[in-house]
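First comes the structure, then the notes that go with it.
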Amino acid sequence: MDSFVAYIARVEGLAPNTVTSYVSRLERFAVWCEREGVDARAADVRTVRSYLSELSRDHMAARTLAAHLSVIRSLYRWMAAEGIVEGDAVSAISSPKLPRGLPTVLTTKQVEALLKAPDTSTPTGLRDAAMIELLYASGARISELAALNVESVLWSERTLRLWGKGSKERIVPLYRRALDATRLYIEEGRPELLARAKRSDGADGVHPLFISARGNRMSAAMLRKRFHMLATLAGIPADIAPHTMRHTFATDLLEGGADLRSVQELLGHASLSTTQIYTHLTPDRLKRAVSQAHPRGE
């Protein structure tokens with residue numbers, strides 16, 4: 001399995017968090033194979049279906065089941081290409097049908113409350129303010145935000161360089177308030193956090209944008225924890241996650257008249273069908289489009 005993990009990390013360029021998820025799911029499958037006396041290399045359609053049936057009996061959600069199957073498929077596809085197994089029978093297994101629920105978005109008042117939640121009189125508050133502003137301004141995933149460096153902000157172009165799934169780069173324009181909040185944090189909050197931690201930026205030229213009180217790069221989990229704290233202060237329901245800001249970003253753009261292709265590019269979606277789900281959240285925009293474009297739309 002080590003060779004496969006190295007492949008998905010180096011060749012396919014999957015993010016570290018994704019690689020960790022792959023490893024966890026494959027280890028669970030390996031434990032099951034050992035318990036059932038099954039040679040994982042000789043696993044066939046019946047074997048994998050039996051494994052998925054057990055996961056289903058544990059009340060695992062359809063989306064999680066699909067994720068487990070996707071990982072197993074990737075493994076056997078790689079083993080077939082490497083000549084470790086003959087053929088790739090596992091690919092014949094169809095994924096479970098997934099319910100397509102609409103994403104949750106924040107109201108304008110909720111967004112404003114969240115943006116005002118950080119205490120900008122403190123270094124951590126300046127950091128948190130920059131985090132929230134960048135989430136709303138860029139539609140970034142929390143993992144993408146955690147990977148940002150100071151150099152990721154292109155000041156002269158007023159843009160942000162993000163690295164998405166599969167290490168794909170995209171450039172997102174930033175509005176002035178997000179730039180100002182980020183600049184204030186970099187110039188005042190970040191140096192204070194480093195000084196308190198008695199740390200300095202490394203000589204390797206890499207300067208993590210979001211750092212903890214100890215002067216270390218904040219992980220996605222740490223940023224997520226800060227987000228939930230701010231959401232609580234803003235009086236927003238506890239089930240709201242950083243990804244909700246991404247949904248809100250996309251929906252607000254479409255409501256404002258942005259075209260679907262532009263939103264797809266800004267979000268870094270490989271397929272337009274993934275972006276199209278947001279059109280279900282913008283009936284007013286669709287009504288305006290019909291009214292303005294249809295010959296009898298008056």
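Each chain in the structure tokens gets a letter, A, B, ..., in the order shown, and its residues are numbered from 1; ligands are numbered from 1 in order too.
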
Every residue of stretch 158-210 of chain A that DSSP places in strand (DSSP E), as a ChimeraX atom specification
/A:159-163,169-173

Might you pull out every residue within 6 Å of A:Ala220, with only C-alpha atoms counted and same-chain residues fewer than 5 positions away left off, and present them as a PDB file with all heavy atoms, in the first residue's frame?
```pdb
ATOM      1  N   ILE A 142     -11.307  25.500   3.512  1.00  0.00           N
ATOM      2  CA  ILE A 142     -10.524  25.785   4.713  1.00  0.00           C
ATOM      3  C   ILE A 142      -9.118  25.191   4.597  1.00  0.00           C
ATOM      4  O   ILE A 142      -8.144  25.753   5.100  1.00  0.00           O
ATOM      5  CB  ILE A 142     -11.240  25.263   5.987  1.00  0.00           C
ATOM      6  CG1 ILE A 142     -10.673  25.929   7.252  1.00  0.00           C
ATOM      7  CG2 ILE A 142     -11.196  23.745   6.066  1.00  0.00           C
ATOM      8  CD1 ILE A 142     -11.004  27.391   7.371  1.00  0.00           C
ATOM      9  N   SER A 143      -8.988  24.063   3.890  1.00  0.00           N
ATOM     10  CA  SER A 143      -7.661  23.459   3.679  1.00  0.00           C
ATOM     11  C   SER A 143      -6.794  24.348   2.793  1.00  0.00           C
ATOM     12  O   SER A 143      -5.574  24.428   2.968  1.00  0.00           O
ATOM     13  CB  SER A 143      -7.802  22.069   3.056  1.00  0.00           C
ATOM     14  OG  SER A 143      -8.494  22.132   1.822  1.00  0.00           O
ATOM     15  N   ALA A 146      -5.523  27.193   4.942  1.00  0.00           N
ATOM     16  CA  ALA A 146      -4.442  26.767   5.819  1.00  0.00           C
ATOM     17  C   ALA A 146      -3.105  26.704   5.080  1.00  0.00           C
ATOM     18  O   ALA A 146      -2.039  26.880   5.683  1.00  0.00           O
ATOM     19  CB  ALA A 146      -4.766  25.404   6.430  1.00  0.00           C
TER      20      ALA A 146
END
```

Can you list, as a ChimeraX atom specification, all residues belonging to stretch 200-245 of chain A that DSSP tags as alpha helix (DSSP H)?
/A:220-233,242-245

Neighbours of A:Arg199 within 10 Å (only C-alpha atoms; same-chain residues fewer than 5 positions away dropped), as a list in words?
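Counting only C-alpha atoms, the residues come to Pro191, Leu193, Leu194, Arg214, Gly215 and Asn216 of chain A.
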
Which of A:Ala181, A:Ile93, A:Leu145, A:Ile8 sits closest to A:Pro118 [using only C-alpha atoms]
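Selected residue with least distance to A:Pro118: A:Ala181.
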
List the spatial neighbours of stretch 164-178 of chain A as an MDAnalysis selection string - criterion: any atom at most 8 Å away, only C-alpha atoms, same-chain residues fewer than 3 positions off excluded.
chainID A and resid 12:15 130 133:134 137:138 144 157:161 181:182 265:266 268

Let me make sure I understand: among A:Val11, A:Tyr136, A:Thr64, A:Ser56, which one has the smallest atom-to-atom distance to A:Leu114 if we use only C-alpha atoms?
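Among the listed residues, the smallest separation from A:Leu114 belongs to A:Tyr136.
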
Give me the stretch 27-130 of chain A side of the contact with stretch 241-261 of chain A, cut-off 9 Å, one line per residue showing its nearest atom pair and distance in Å at one decimal, counting only C-alpha atoms, sorted by chain and residue number, as JSON lines.
```
{"residue": "A:Pro103", "atom": "CA", "partner": "A:His247", "partner_atom": "CA", "distance": 6.5}
{"residue": "A:Thr104", "atom": "CA", "partner": "A:Thr244", "partner_atom": "CA", "distance": 6.1}
{"residue": "A:Val105", "atom": "CA", "partner": "A:Thr248", "partner_atom": "CA", "distance": 4.8}
{"residue": "A:Leu106", "atom": "CA", "partner": "A:Thr248", "partner_atom": "CA", "distance": 5.9}
{"residue": "A:Thr107", "atom": "CA", "partner": "A:Thr248", "partner_atom": "CA", "distance": 8.2}
{"residue": "A:Val111", "atom": "CA", "partner": "A:Met245", "partner_atom": "CA", "distance": 8.5}
```

Which residues are close to A:Asp44, i.e. within 12 Å by only C-alpha atoms, leaving aside same-chain residues fewer than 3 positions away? Reply as a list in words.
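Everything that qualifies: Cys33, Val38, Asp39, Ala40, Arg41, Thr47, Val48, Arg49, Ser50, Tyr51, Ile72, Arg73, Tyr76, Val85, Glu86, Gly87, Asp88, Ala89, Val90, Ser91, Ala92 and Ile93 of chain A.
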
Generate a file of the selected residues that holds N, CA, C and O atoms, formatted as a JSON list (two decimals), in the first residue's frame.
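Result file is result27.json:
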```json
[["chain", "number", "residue", "atom", "x", "y", "z"],
["A", 33, "CYS", "N", -10.40, -7.59, 5.34],
["A", 33, "CYS", "CA", -9.92, -8.71, 4.51],
["A", 33, "CYS", "C", -9.20, -9.74, 5.37],
["A", 33, "CYS", "O", -9.40, -10.95, 5.22],
["A", 38, "VAL", "N", -9.53, -13.09, 3.52],
["A", 38, "VAL", "CA", -9.54, -12.77, 2.09],
["A", 38, "VAL", "C", -8.20, -12.17, 1.70],
["A", 38, "VAL", "O", -7.67, -11.30, 2.41],
["A", 39, "ASP", "N", -7.64, -12.64, 0.58],
["A", 39, "ASP", "CA", -6.42, -12.05, 0.05],
["A", 39, "ASP", "C", -6.81, -10.76, -0.67],
["A", 39, "ASP", "O", -7.52, -10.78, -1.68],
["A", 40, "ALA", "N", -6.38, -9.63, -0.15],
["A", 40, "ALA", "CA", -6.78, -8.34, -0.72],
["A", 40, "ALA", "C", -6.40, -8.22, -2.18],
["A", 40, "ALA", "O", -7.10, -7.60, -2.97],
["A", 41, "ARG", "N", -5.30, -8.87, -2.56],
["A", 41, "ARG", "CA", -4.87, -8.79, -3.96],
["A", 41, "ARG", "C", -5.80, -9.56, -4.88],
["A", 41, "ARG", "O", -5.89, -9.29, -6.08],
["A", 47, "THR", "N", -16.31, -9.84, -3.23],
["A", 47, "THR", "CA", -15.59, -9.48, -2.00],
["A", 47, "THR", "C", -15.87, -8.04, -1.60],
["A", 47, "THR", "O", -16.22, -7.75, -0.45],
["A", 48, "VAL", "N", -15.72, -7.14, -2.56],
["A", 48, "VAL", "CA", -15.90, -5.72, -2.26],
["A", 48, "VAL", "C", -17.35, -5.42, -1.90],
["A", 48, "VAL", "O", -17.64, -4.64, -1.01],
["A", 49, "ARG", "N", -18.28, -6.09, -2.58],
["A", 49, "ARG", "CA", -19.70, -5.89, -2.25],
["A", 49, "ARG", "C", -20.01, -6.37, -0.83],
["A", 49, "ARG", "O", -20.80, -5.75, -0.11],
["A", 50, "SER", "N", -19.37, -7.46, -0.42],
["A", 50, "SER", "CA", -19.57, -7.96, 0.94],
["A", 50, "SER", "C", -19.05, -6.95, 1.95],
["A", 50, "SER", "O", -19.68, -6.71, 3.00],
["A", 51, "TYR", "N", -17.91, -6.34, 1.64],
["A", 51, "TYR", "CA", -17.34, -5.34, 2.52],
["A", 51, "TYR", "C", -18.25, -4.12, 2.62],
["A", 51, "TYR", "O", -18.54, -3.62, 3.72],
["A", 72, "ILE", "N", -11.17, 2.28, -2.96],
["A", 72, "ILE", "CA", -10.85, 0.90, -3.34],
["A", 72, "ILE", "C", -10.69, 0.77, -4.85],
["A", 72, "ILE", "O", -9.79, 0.09, -5.35],
["A", 73, "ARG", "N", -11.55, 1.45, -5.59],
["A", 73, "ARG", "CA", -11.43, 1.44, -7.06],
["A", 73, "ARG", "C", -10.08, 2.00, -7.49],
["A", 73, "ARG", "O", -9.43, 1.44, -8.37],
["A", 76, "TYR", "N", -7.30, -0.59, -6.92],
["A", 76, "TYR", "CA", -7.27, -1.72, -7.86],
["A", 76, "TYR", "C", -6.96, -1.27, -9.28],
["A", 76, "TYR", "O", -6.36, -2.01, -10.06],
["A", 85, "VAL", "N", -2.25, -7.05, -10.17],
["A", 85, "VAL", "CA", -3.43, -7.90, -10.33],
["A", 85, "VAL", "C", -3.78, -7.95, -11.81],
["A", 85, "VAL", "O", -3.40, -7.06, -12.59],
["A", 86, "GLU", "N", -4.53, -8.98, -12.20],
["A", 86, "GLU", "CA", -4.97, -9.09, -13.59],
["A", 86, "GLU", "C", -6.37, -8.51, -13.72],
["A", 86, "GLU", "O", -7.31, -8.98, -13.07],
["A", 87, "GLY", "N", -6.51, -7.50, -14.55],
["A", 87, "GLY", "CA", -7.82, -6.90, -14.75],
["A", 87, "GLY", "C", -8.23, -6.02, -13.58],
["A", 87, "GLY", "O", -7.54, -5.91, -12.57],
["A", 88, "ASP", "N", -9.36, -5.37, -13.76],
["A", 88, "ASP", "CA", -9.87, -4.45, -12.74],
["A", 88, "ASP", "C", -11.37, -4.66, -12.61],
["A", 88, "ASP", "O", -12.17, -3.83, -13.04],
["A", 89, "ALA", "N", -11.73, -5.79, -11.99],
["A", 89, "ALA", "CA", -13.15, -6.15, -11.87],
["A", 89, "ALA", "C", -13.89, -5.21, -10.93],
["A", 89, "ALA", "O", -15.10, -5.02, -11.06],
["A", 90, "VAL", "N", -13.17, -4.59, -9.99],
["A", 90, "VAL", "CA", -13.82, -3.75, -8.99],
["A", 90, "VAL", "C", -14.52, -2.55, -9.63],
["A", 90, "VAL", "O", -15.53, -2.06, -9.13],
["A", 91, "SER", "N", -14.00, -2.10, -10.77],
["A", 91, "SER", "CA", -14.60, -0.95, -11.43],
["A", 91, "SER", "C", -16.03, -1.21, -11.89],
["A", 91, "SER", "O", -16.78, -0.28, -12.19],
["A", 92, "ALA", "N", -16.41, -2.47, -11.96],
["A", 92, "ALA", "CA", -17.75, -2.82, -12.41],
["A", 92, "ALA", "C", -18.81, -2.55, -11.34],
["A", 92, "ALA", "O", -20.01, -2.55, -11.64],
["A", 93, "ILE", "N", -18.39, -2.31, -10.11],
["A", 93, "ILE", "CA", -19.34, -2.06, -9.02],
["A", 93, "ILE", "C", -19.86, -0.63, -9.13],
["A", 93, "ILE", "O", -19.08, 0.31, -9.19]]
```
